[in-house]
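Enquirer: Contents are mmCIF, C-alpha atoms; file name protein_22.cif:
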```
data_coords
loop_
_atom_site.group_PDB
_atom_site.id
_atom_site.type_symbol
_atom_site.label_atom_id
_atom_site.label_comp_id
_atom_site.auth_asym_id
_atom_site.auth_seq_id
_atom_site.Cartn_x
_atom_site.Cartn_y
_atom_site.Cartn_z
ATOM 1 C CA MET A 1 91.550 116.386 108.424
ATOM 2 C CA GLU A 2 89.475 113.480 107.104
ATOM 3 C CA ILE A 3 85.911 112.894 108.320
ATOM 4 C CA TYR A 4 85.102 109.436 109.684
ATOM 5 C CA LYS A 5 81.805 107.670 110.414
ATOM 6 C CA THR A 6 82.990 105.992 113.629
ATOM 7 C CA LEU A 7 85.801 108.234 114.855
ATOM 8 C CA GLU A 8 86.459 111.844 115.708
ATOM 9 C CA ILE A 9 89.880 113.493 115.735
ATOM 10 C CA THR A 10 90.353 116.747 117.581
ATOM 11 C CA GLN A 11 93.359 118.808 118.556
ATOM 12 C CA LYS A 12 93.485 120.054 122.129
ATOM 13 C CA SER A 13 94.232 123.581 120.877
ATOM 14 C CA PRO A 14 95.568 124.955 117.580
ATOM 15 C CA THR A 15 99.135 125.011 118.937
ATOM 16 C CA SER A 16 98.916 121.770 120.932
ATOM 17 C CA ARG A 17 100.770 118.640 119.842
ATOM 18 C CA VAL A 18 98.118 116.543 121.632
ATOM 19 C CA PHE A 19 95.376 114.983 119.505
ATOM 20 C CA ASN A 20 92.303 113.137 120.733
ATOM 21 C CA LEU A 21 91.127 110.130 118.744
ATOM 22 C CA ARG A 22 87.636 109.294 119.971
ATOM 23 C CA LEU A 23 85.316 106.432 119.192
ATOM 24 C CA ASN A 24 82.226 108.305 118.073
ATOM 25 C CA ARG A 25 79.136 106.121 118.307
ATOM 26 C CA PRO A 26 77.936 107.043 121.806
ATOM 27 C CA SER A 27 74.323 106.010 121.148
ATOM 28 C CA LEU A 28 75.631 102.474 120.524
ATOM 29 C CA ARG A 29 78.144 102.611 123.395
ATOM 30 C CA ASN A 30 80.896 103.020 120.804
ATOM 31 C CA ALA A 31 80.461 99.449 119.580
ATOM 32 C CA LEU A 32 82.969 98.601 116.851
ATOM 33 C CA SER A 33 81.272 98.445 113.447
ATOM 34 C CA LEU A 34 82.752 97.106 110.237
ATOM 35 C CA ASP A 35 83.521 100.726 109.250
ATOM 36 C CA PHE A 36 85.664 101.079 112.377
ATOM 37 C CA PHE A 37 88.020 98.331 111.222
ATOM 38 C CA THR A 38 88.701 100.305 108.037
ATOM 39 C CA GLU A 39 88.762 103.774 109.567
ATOM 40 C CA PHE A 40 90.877 103.128 112.658
ATOM 41 C CA PRO A 41 94.080 102.181 110.789
ATOM 42 C CA LYS A 42 93.587 105.149 108.423
ATOM 43 C CA ALA A 43 93.142 107.552 111.336
ATOM 44 C CA LEU A 44 96.232 106.225 113.131
ATOM 45 C CA THR A 45 98.294 106.465 109.952
ATOM 46 C CA SER A 46 97.084 110.012 109.393
ATOM 47 C CA LEU A 47 98.079 111.034 112.916
ATOM 48 C CA ASP A 48 101.369 109.126 112.703
ATOM 49 C CA GLN A 49 102.294 111.061 109.561
ATOM 50 C CA ASN A 50 101.230 114.407 111.014
ATOM 51 C CA PRO A 51 104.385 116.254 112.148
ATOM 52 C CA ASP A 52 102.282 118.308 114.584
ATOM 53 C CA ALA A 53 101.107 115.216 116.496
ATOM 54 C CA SER A 54 103.284 114.092 119.393
ATOM 55 C CA VAL A 55 100.605 112.499 121.589
ATOM 56 C CA ILE A 56 97.433 110.607 120.687
ATOM 57 C CA ILE A 57 94.802 110.084 123.379
ATOM 58 C CA LEU A 58 92.356 107.275 122.570
ATOM 59 C CA SER A 59 88.952 107.596 124.235
ATOM 60 C CA GLY A 60 85.253 107.201 123.578
ATOM 61 C CA ASN A 61 82.526 109.824 123.326
ATOM 62 C CA GLY A 62 79.639 109.396 125.760
ATOM 63 C CA ASP A 63 79.433 107.357 128.940
ATOM 64 C CA HIS A 64 81.232 104.260 127.647
ATOM 65 C CA PHE A 65 84.649 103.738 126.098
ATOM 66 C CA CYS A 66 83.605 100.739 123.999
ATOM 67 C CA ALA A 67 81.076 97.910 124.223
ATOM 68 C CA GLY A 68 83.148 95.660 121.924
ATOM 69 C CA ILE A 69 82.253 94.509 118.447
ATOM 70 C CA ASP A 70 78.833 95.629 117.213
ATOM 71 C CA LEU A 71 76.505 92.632 117.300
ATOM 72 C CA LYS A 72 74.857 93.804 114.066
ATOM 73 C CA ALA A 73 78.247 93.614 112.361
ATOM 74 C CA LEU A 74 78.819 90.189 113.866
ATOM 75 C CA THR A 75 75.387 89.038 112.649
ATOM 76 C CA SER A 76 76.073 90.230 109.100
ATOM 77 C CA MET A 77 79.455 88.482 109.125
ATOM 78 C CA SER A 78 77.829 85.344 110.504
ATOM 79 C CA ALA A 79 75.225 85.314 107.719
ATOM 80 C CA ALA A 80 77.997 85.517 105.119
ATOM 81 C CA VAL A 81 79.792 82.424 106.437
ATOM 82 C CA GLN A 82 76.796 80.141 107.141
ATOM 83 C CA SER A 83 77.163 76.430 106.542
ATOM 84 C CA THR A 84 75.013 73.438 107.401
ATOM 85 C CA ASP A 85 77.854 72.360 109.693
ATOM 86 C CA ARG A 86 77.924 74.436 112.914
ATOM 87 C CA GLY A 87 81.629 73.760 113.398
ATOM 88 C CA ARG A 88 82.505 75.083 109.938
ATOM 89 C CA THR A 89 80.328 78.143 110.481
ATOM 90 C CA ALA A 90 82.026 78.877 113.807
ATOM 91 C CA GLU A 91 85.485 78.438 112.291
ATOM 92 C CA ARG A 92 84.672 80.711 109.344
ATOM 93 C CA LEU A 93 83.329 83.363 111.724
ATOM 94 C CA ARG A 94 86.451 83.076 113.894
ATOM 95 C CA ARG A 95 88.609 83.594 110.796
ATOM 96 C CA GLN A 96 86.578 86.659 109.753
ATOM 97 C CA ILE A 97 87.011 88.217 113.194
ATOM 98 C CA LYS A 98 90.750 87.471 113.208
ATOM 99 C CA PHE A 99 90.993 89.067 109.749
ATOM 100 C CA LEU A 100 89.291 92.212 111.064
ATOM 101 C CA GLN A 101 91.626 92.287 114.055
ATOM 102 C CA ALA A 102 94.666 91.835 111.822
ATOM 103 C CA SER A 103 93.522 94.670 109.571
ATOM 104 C CA THR A 104 93.933 97.083 112.489
ATOM 105 C CA ASP A 105 97.467 95.911 113.306
ATOM 106 C CA GLU A 106 100.266 98.213 112.218
ATOM 107 C CA PRO A 107 102.435 96.901 109.390
ATOM 108 C CA GLU A 108 105.977 96.018 110.358
#
```
In structure tokens, what does this structure look like?
Expert:
Amino acid sequence: MEIYKTLEITQKSPTSRVFNLRLNRPSLRNALSLDFFTEFPKALTSLDQNPDASVIILSGNGDHFCAGIDLKALTSMSAAVQSTDRGRTAERLRRQIKFLQASTDEPE
């Protein structure tokens, strides 16, 4: 199974058809980094194509499921879309976030 920076996949037992997909950044309350938006679809596709997987349980390691998007990631995205016009900057940032969200959607 592939190794991810932000996720952990485990199988309940070697014969179990139940797999756990865990957000794995407990020190950051499992905040969603830019890596997550690449890794999450890959992990889901991997489990979807695994004939041994019948159930996927999504959870987070540590005390928190997820704090939302990582503010450091948001800051780096914000710096990339800066404009002298606050409205344009906000719109560009909104589009970047929507793009990230769309990248985790399953293809039809």
Enquirer: For the structure shown, which residues end up in the PyMOL selection byres ((chain A and resi 64) around 10)? Put them as number ranges by chain, please?
Expert: A: 23, 25-31, 59-63, 65-67
Enquirer: Quick one: everything within 12 Å of A:Gln96, counting all atoms listed in the file, minus sequence neighbours fewer than 5 positions away in the same chain. Send it as a ChimeraX atom specification.
Expert: /A:34,37,73-81,89-91,101-103
Enquirer: Go ahead and compute the interatomic distance for atom CA of A:Leu47 and atom CA of A:Thr10, in Å to one decimal.
Expert: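 Straight-line distance from atom CA of A:Leu47 to atom CA of A:Thr10 works out to 10.7 Å.
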Enquirer: Enclose stretch 65-75 of chain A, meaning all of its atoms listed in the file, in a box aligned along x, y and z, pad it by 8 Å on each side, and list the centre and edge lengths in Å to one decimal, as AutoDock Vina command-line options.
Expert:
```
--center_x 79.8 --center_y 96.4 --center_z 119.2 --size_x 25.8 --size_y 30.7 --size_z 29.7
```
Enquirer: Do you know which residues the PyMOL selection byres ((chain A and resi 32) around 6) returns on this file, as number ranges by chain?
Expert: A: 31, 33, 36, 68-70
Enquirer: Okay, now the selection with C-alpha atoms, as a CSV table (one decimal), in the coordinates of the input?
Expert:
```csv
chain,number,residue,atom,x,y,z
A,31,ALA,CA,80.5,99.4,119.6
A,33,SER,CA,81.3,98.4,113.4
A,36,PHE,CA,85.7,101.1,112.4
A,68,GLY,CA,83.1,95.7,121.9
A,69,ILE,CA,82.3,94.5,118.4
A,70,ASP,CA,78.8,95.6,117.2
```
Enquirer: Within 6 Å of A:Arg17, counting all atoms listed in the file, which residues show up once you throw out same-chain ones fewer than 3 positions away? Write them as a PDB file with C-alpha atoms, keeping the file's coordinate frame, please.
Expert:
```pdb
ATOM      1  CA  ASP A  52     102.282 118.308 114.584  1.00  0.00           C
ATOM      2  CA  ALA A  53     101.107 115.216 116.496  1.00  0.00           C
ATOM      3  CA  SER A  54     103.284 114.092 119.393  1.00  0.00           C
TER       4      SER A  54
END
```
Enquirer: Evaluate the PyMOL selection byres ((chain A and resi 44) around 12) here and jot the selected residues down as a PyMOL selection string.
Expert: chain A and resi 2+7-9+19-22+36-43+45-50+53+55-58+104-107
Enquirer: Take the residues from that selection and write them out as a PDB file, in the coordinates of the input, keeping C-alpha atoms.
Expert:
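So again05.pdb came out as:
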```pdb
ATOM      1  CA  GLU A   2      89.475 113.480 107.104  1.00  0.00           C
ATOM      2  CA  LEU A   7      85.801 108.234 114.855  1.00  0.00           C
ATOM      3  CA  GLU A   8      86.459 111.844 115.708  1.00  0.00           C
ATOM      4  CA  ILE A   9      89.880 113.493 115.735  1.00  0.00           C
ATOM      5  CA  PHE A  19      95.376 114.983 119.505  1.00  0.00           C
ATOM      6  CA  ASN A  20      92.303 113.137 120.733  1.00  0.00           C
ATOM      7  CA  LEU A  21      91.127 110.130 118.744  1.00  0.00           C
ATOM      8  CA  ARG A  22      87.636 109.294 119.971  1.00  0.00           C
ATOM      9  CA  PHE A  36      85.664 101.079 112.377  1.00  0.00           C
ATOM     10  CA  PHE A  37      88.020  98.331 111.222  1.00  0.00           C
ATOM     11  CA  THR A  38      88.701 100.305 108.037  1.00  0.00           C
ATOM     12  CA  GLU A  39      88.762 103.774 109.567  1.00  0.00           C
ATOM     13  CA  PHE A  40      90.877 103.128 112.658  1.00  0.00           C
ATOM     14  CA  PRO A  41      94.080 102.181 110.789  1.00  0.00           C
ATOM     15  CA  LYS A  42      93.587 105.149 108.423  1.00  0.00           C
ATOM     16  CA  ALA A  43      93.142 107.552 111.336  1.00  0.00           C
ATOM     17  CA  THR A  45      98.294 106.465 109.952  1.00  0.00           C
ATOM     18  CA  SER A  46      97.084 110.012 109.393  1.00  0.00           C
ATOM     19  CA  LEU A  47      98.079 111.034 112.916  1.00  0.00           C
ATOM     20  CA  ASP A  48     101.369 109.126 112.703  1.00  0.00           C
ATOM     21  CA  GLN A  49     102.294 111.061 109.561  1.00  0.00           C
ATOM     22  CA  ASN A  50     101.230 114.407 111.014  1.00  0.00           C
ATOM     23  CA  ALA A  53     101.107 115.216 116.496  1.00  0.00           C
ATOM     24  CA  VAL A  55     100.605 112.499 121.589  1.00  0.00           C
ATOM     25  CA  ILE A  56      97.433 110.607 120.687  1.00  0.00           C
ATOM     26  CA  ILE A  57      94.802 110.084 123.379  1.00  0.00           C
ATOM     27  CA  LEU A  58      92.356 107.275 122.570  1.00  0.00           C
ATOM     28  CA  THR A 104      93.933  97.083 112.489  1.00  0.00           C
ATOM     29  CA  ASP A 105      97.467  95.911 113.306  1.00  0.00           C
ATOM     30  CA  GLU A 106     100.266  98.213 112.218  1.00  0.00           C
ATOM     31  CA  PRO A 107     102.435  96.901 109.390  1.00  0.00           C
TER      32      PRO A 107
END
```
Enquirer: Between atom CA of A:Leu71 and atom CA of A:Ile97, what is the spacing in Å?
Expert: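 Result for atom CA of A:Ile97 versus atom CA of A:Leu71: 12.1 Å, one decimal.
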Enquirer: Hey, can you check how far atom CA of A:Ser16 sits from atom CA of A:Met1?
Expert: 15.5 Å
Enquirer: With all atoms listed in the file as the atoms that count, which of A:Val18, A:Leu100, A:Arg86, A:Arg92 lies nearest to A:Asp35?
Expert: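 Among the listed residues, the smallest separation from A:Asp35 belongs to A:Leu100.
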